[in-house]
Amino acid sequence: MSEFLERNVQVAGVQAGKIGRSALLGGVSALAISGASMLASTGAMAEEIGDRMAPISVTATRTPMEAFAVPGMVTVKGADEIAEEIPSNIGDLFDDIPGVSAVGGPRRTGEVPTIRGFSGADIIVTLDGARQNFVSGHDGRAFIDPAFLGELEVVRGSSSALYGSGGTGGVIALRTLNAEDLLGEGETHGARFGLSYRSGNDEFAQRLLAYTKPMEEADIFAGLVLRQSDDVRLGNGTKLDSEDDILSGLVKGTFDIGDNTDISLSWQRFSNDAVEPGNGQAATGTLNDKDIDSETFTLGFTSKPVGQDLVDFSAVIYRNTNTVDETPIAGTGAGVLSKRDLDTVGLDVSNTSRFMLSEDIGLAVTGGFEVARDSAVGATGGGVRGGVVTGDQDLFGAFVQTSFTWFAPFGLDDGEFSVTPGVRFDTFDSQDTTGTQTSDSQVSPKVTARFAPTSWTFVYGSYGDAFRAPRLDELFPIGTHFPVFGPGGLAGFNTFIPNTTLEAQSTTTWEAGLGFEFEDVLSAGDIFQAKGGYYSTDGENFLSLEVIQRADVTNPQFFPAPFLTPGFTCRAFVSIAVDPTGCGGTTQTVNIADAELSGFELETSYDSDRFRISLSGQTMETENTATGQPIGIEQADQVTADLRVKLPEVDSYIGWQSTFADDFSEGTDTSEHRDSYQIHEVYARWRPVDGPLDGFSFGVTAENLFDAEYQRVSSDTLEEGRSVLVDVTYTLNW
């Protein structure tokens, strides 16, 4: 074993045996991390036998590190924790993560993730390392069945220094299941069958997973999931038009070709035949037949040869295709097909080299590059689809990050001090089918520092710049946004206009936080953790959609004063056939000169053999400094509490979770104001470990227990009312 690895093992042992206590310590070995990740994902039953393993973050620093110790706010959920929530879509997994939410209403195709007020292209989403760049106004963000997830990692805050354009809000990294996630010690083959039901939308789901490790060097997984659901029952008892018929598949293999070097291949497909309004986030609208298809191919390569510290290499080549075909069922556009396609191909390469500069000072250097191309197509009935551009966008980025770690600083035997500076350079080029081009480049620096005077506490601070390049749909949109009606009938069309002078959105974020961790607090083997962080973000050139509606000065009840544009009037009281200029107005993406965002996030938990108690909370403020109005998707302040009682005597647990959200009354747009609300859920799971039912798992959850009528900020519809979720799973491993 090399001197560096010996030092890693020694320090890890001093600090309660935690893997990844600093980014530097992530280099113990790729094999060890793989095993740690597997153990971290075996949440519920491992807890009940007292075998709690710390979840490992890879995305936050690009090197494995205990999630709690990361100098920033990071949440990692493993395979069992994901399955316990009986999720029907990705948004179901965000409810208890502070600063993170899914907005757009309860339809799965309308839900989009938001982090610290950012959404859409401001958030990077990856699936097994492949960028998921699909962003639309109303058709969702990323498509994968949660039954295939082996891990969810959410990194909040500035991430452009490592991930480039879109890292202003953070990163959501999704990892699909491996056989290793589902097999126990000594097991080499297995299958899992599952059935679940959700009463809120009459959803039935059937799952079939098969997996094997025929030899230590091979890990093979295959799965199929079918989901069928109907209209969504809202908190006020009404129904939201929504029908989904989803078929999802995953095939994945990882093969060790020697000397701790792996090749992995994966294919994931999501196909939904839906019936819902063209705007999946709207309360009402003309129903459309929607065919939503998403497909991701990845080819990965990792290598960390045994006995050396210079090579810890990873690369992934990927292709992700997304297609949304919409055909109105009724109305003037009935039968006319509208297409939105996005094809992304890319390559991401990185390597970490580790050195011991002295007895107590280590250095890890991580560098890499990324190339990606988005190719988009938009069309309606053979013509232009309003706001959906046909064109290409190319990205190239290169980064380097160094992590200096001082073990036992200032004579503190259990202490650690680390500084991690990094910088990334990105360049991007965009072009539509007419040949119109724009290009720009950006440098994104970031530095973090973490000081742990003892093994049970640490403080951290960070500074980071981030940016987002304008999307094709923001630079080059043309066509109709929406029709405008007055008392005389159709009064005009609001139309998209391009803006090729858009600047890249850029932010500067300061963040500081504090963490505590205590073991054996009330009983042997228990653990208490608390971590909180405050962030402040200053932004320039925020990309914002500006809708200008001409005003009917003679009939202000139809087009009231807030829409009035100086110099423009219209005649909504007559048909557009009489007044061809109409009252349509325009829609254009513009830059907001200056904006400020700030907030506080807190995560605490106490875990023992009998109880698990967690408390999380968030505050958030956003402001356009010129107008004083909120920007982005500011969320209400909220607190979530969860109490779980473990009953190992009967192989089960029961729990209660409550979320309390404050009222939201920021800004002068009263349509965005929301009342305070509280939602509660109860849950239970029984997983026999002996007898004829060994291998079965029975779970039940009652969400929104008291049928609260509530609405999230930036959502046009109420959320789902009371819904009972039932899950039955049988696992056969041998």
# chains A, B, ... in the order shown; residues from 1 in each chain; ligands from 1
>>> residues_around(residues="Asp128 of chain A", least_positions_apart="5", cutoff="8 Å", atoms="only C-alpha atoms", output="PyMOL selection string")
chain A and resi 173-176+298
>>> residues_around(residues="Gly170 of chain A", least_positions_apart="3", cutoff="6 Å", atoms="only C-alpha atoms", output="ChimeraX atom specification")
/A:123,155-159,167
>>> residues_around(residues="segment 200-203 of chain A", least_positions_apart="6", cutoff="6 Å", atoms="only C-alpha atoms", output="JSON, numbers by chain")
{"A": [228, 229, 230, 231, 232, 233, 723]}
>>> residues_around(residues="segment 682-686 of chain A", least_positions_apart="5", cutoff="12 Å", atoms="only C-alpha atoms", output="compact mmCIF listing (two decimals) with N, CA and C atoms, in the first residue's frame")
# COMPACT_ATOMS: atom_id res chain seq x y z
N ALA A 44 -33.01 1.38 5.07
CA ALA A 44 -33.97 1.09 6.14
C ALA A 44 -33.56 -0.08 7.01
N MET A 45 -33.34 -1.25 6.40
CA MET A 45 -33.09 -2.42 7.21
C MET A 45 -31.70 -2.37 7.83
N ASP A 80 -32.71 2.21 -1.31
CA ASP A 80 -33.79 1.84 -0.40
C ASP A 80 -34.60 3.04 0.04
N GLU A 81 -33.92 4.15 0.32
CA GLU A 81 -34.63 5.35 0.74
C GLU A 81 -35.55 5.85 -0.37
N ALA A 83 -36.94 3.93 -2.75
CA ALA A 83 -38.04 2.98 -2.89
C ALA A 83 -39.06 3.13 -1.77
N GLU A 84 -38.60 3.45 -0.56
CA GLU A 84 -39.51 3.60 0.58
C GLU A 84 -40.55 4.70 0.36
N GLU A 85 -40.20 5.73 -0.40
CA GLU A 85 -41.12 6.84 -0.62
C GLU A 85 -42.20 6.51 -1.64
N ILE A 86 -42.14 5.35 -2.27
CA ILE A 86 -43.10 4.91 -3.28
C ILE A 86 -43.32 6.03 -4.30
N ALA A 641 -40.70 18.13 9.19
CA ALA A 641 -40.30 17.29 10.32
C ALA A 641 -40.75 15.86 10.05
N ASP A 642 -39.92 14.91 10.45
CA ASP A 642 -40.24 13.50 10.23
C ASP A 642 -39.86 12.71 11.48
N LEU A 643 -40.77 11.88 11.93
CA LEU A 643 -40.52 11.00 13.07
C LEU A 643 -40.80 9.57 12.65
N ARG A 644 -39.79 8.72 12.77
CA ARG A 644 -39.95 7.30 12.45
C ARG A 644 -39.66 6.46 13.69
N VAL A 645 -40.54 5.52 13.98
CA VAL A 645 -40.36 4.57 15.07
C VAL A 645 -40.03 3.22 14.47
N LYS A 646 -38.90 2.66 14.84
CA LYS A 646 -38.46 1.38 14.31
C LYS A 646 -38.95 0.25 15.22
N LEU A 647 -39.45 -0.78 14.61
CA LEU A 647 -40.00 -1.93 15.34
C LEU A 647 -39.32 -3.20 14.85
N PRO A 648 -38.04 -3.38 15.18
CA PRO A 648 -37.32 -4.56 14.67
C PRO A 648 -37.92 -5.87 15.18
N GLU A 649 -38.66 -5.80 16.29
CA GLU A 649 -39.28 -7.02 16.80
C GLU A 649 -40.26 -7.62 15.80
N VAL A 650 -40.86 -6.75 14.98
CA VAL A 650 -41.81 -7.23 13.97
C VAL A 650 -41.36 -6.81 12.57
N ASP A 651 -40.07 -6.54 12.42
CA ASP A 651 -39.47 -6.25 11.10
C ASP A 651 -40.18 -5.10 10.39
N SER A 652 -40.43 -4.01 11.08
CA SER A 652 -41.20 -2.94 10.47
C SER A 652 -40.84 -1.59 11.09
N TYR A 653 -41.43 -0.55 10.53
CA TYR A 653 -41.35 0.79 11.10
C TYR A 653 -42.61 1.55 10.71
N ILE A 654 -42.91 2.59 11.50
CA ILE A 654 -44.02 3.49 11.20
C ILE A 654 -43.51 4.92 11.36
N GLY A 655 -44.16 5.87 10.68
CA GLY A 655 -43.68 7.24 10.77
C GLY A 655 -44.73 8.27 10.41
N TRP A 656 -44.41 9.50 10.74
CA TRP A 656 -45.26 10.66 10.45
C TRP A 656 -44.37 11.78 9.96
N GLN A 657 -44.77 12.40 8.84
CA GLN A 657 -44.02 13.53 8.29
C GLN A 657 -44.96 14.72 8.11
N SER A 658 -44.50 15.90 8.49
CA SER A 658 -45.29 17.12 8.38
C SER A 658 -44.47 18.22 7.73
N LEU A 693 -42.73 -15.50 4.40
CA LEU A 693 -42.84 -14.20 3.73
C LEU A 693 -41.49 -13.50 3.59
N ASP A 694 -40.42 -14.21 3.90
CA ASP A 694 -39.09 -13.63 3.72
C ASP A 694 -38.90 -13.24 2.25
N GLY A 695 -38.47 -12.01 2.01
CA GLY A 695 -38.32 -11.50 0.66
C GLY A 695 -39.41 -10.53 0.26
N PHE A 696 -40.54 -10.56 0.99
CA PHE A 696 -41.61 -9.61 0.71
C PHE A 696 -41.37 -8.30 1.45
N SER A 697 -41.92 -7.23 0.89
CA SER A 697 -41.91 -5.92 1.54
C SER A 697 -43.26 -5.28 1.27
N PHE A 698 -43.91 -4.82 2.35
CA PHE A 698 -45.23 -4.21 2.24
C PHE A 698 -45.14 -2.78 2.77
N GLY A 699 -45.48 -1.79 1.94
CA GLY A 699 -45.44 -0.40 2.35
C GLY A 699 -46.75 0.30 2.08
N VAL A 700 -47.11 1.23 2.96
CA VAL A 700 -48.32 2.04 2.75
C VAL A 700 -48.03 3.45 3.25
N THR A 701 -48.49 4.43 2.50
CA THR A 701 -48.33 5.84 2.85
C THR A 701 -49.62 6.57 2.54
N ALA A 702 -50.05 7.44 3.45
CA ALA A 702 -51.19 8.33 3.19
C ALA A 702 -50.65 9.74 3.11
N GLU A 703 -50.53 10.28 1.88
CA GLU A 703 -50.02 11.63 1.66
C GLU A 703 -51.16 12.64 1.76
N ASN A 704 -50.79 13.88 2.16
CA ASN A 704 -51.79 14.94 2.33
C ASN A 704 -52.98 14.38 3.12
N LEU A 705 -52.67 13.89 4.30
CA LEU A 705 -53.61 13.12 5.10
C LEU A 705 -54.93 13.83 5.34
N PHE A 706 -54.89 15.14 5.55
CA PHE A 706 -56.10 15.89 5.87
C PHE A 706 -56.68 16.63 4.65
N ARG A 722 -55.69 14.20 -0.82
CA ARG A 722 -55.32 13.00 -0.09
C ARG A 722 -55.10 11.84 -1.06
N SER A 723 -54.00 11.13 -0.85
CA SER A 723 -53.68 10.01 -1.73
C SER A 723 -53.07 8.89 -0.91
N VAL A 724 -53.59 7.69 -1.07
CA VAL A 724 -53.08 6.52 -0.37
C VAL A 724 -52.20 5.73 -1.34
N LEU A 725 -50.97 5.46 -0.92
CA LEU A 725 -50.01 4.73 -1.73
C LEU A 725 -49.77 3.36 -1.10
N VAL A 726 -49.86 2.33 -1.90
CA VAL A 726 -49.64 0.96 -1.43
C VAL A 726 -48.59 0.31 -2.32
N ASP A 727 -47.64 -0.37 -1.70
CA ASP A 727 -46.58 -1.02 -2.47
C ASP A 727 -46.32 -2.42 -1.93
N VAL A 728 -46.25 -3.40 -2.83
CA VAL A 728 -45.90 -4.77 -2.48
C VAL A 728 -44.73 -5.18 -3.37
N THR A 729 -43.65 -5.61 -2.74
CA THR A 729 -42.45 -5.99 -3.48
C THR A 729 -41.98 -7.36 -3.00
N TYR A 730 -41.58 -8.19 -3.94
CA TYR A 730 -40.99 -9.48 -3.58
C TYR A 730 -39.61 -9.58 -4.22
>>> atom_distance(atom1="atom CA of Gly515 of chain A", atom2="atom CA of Thr604 of chain A")
9.4 Å
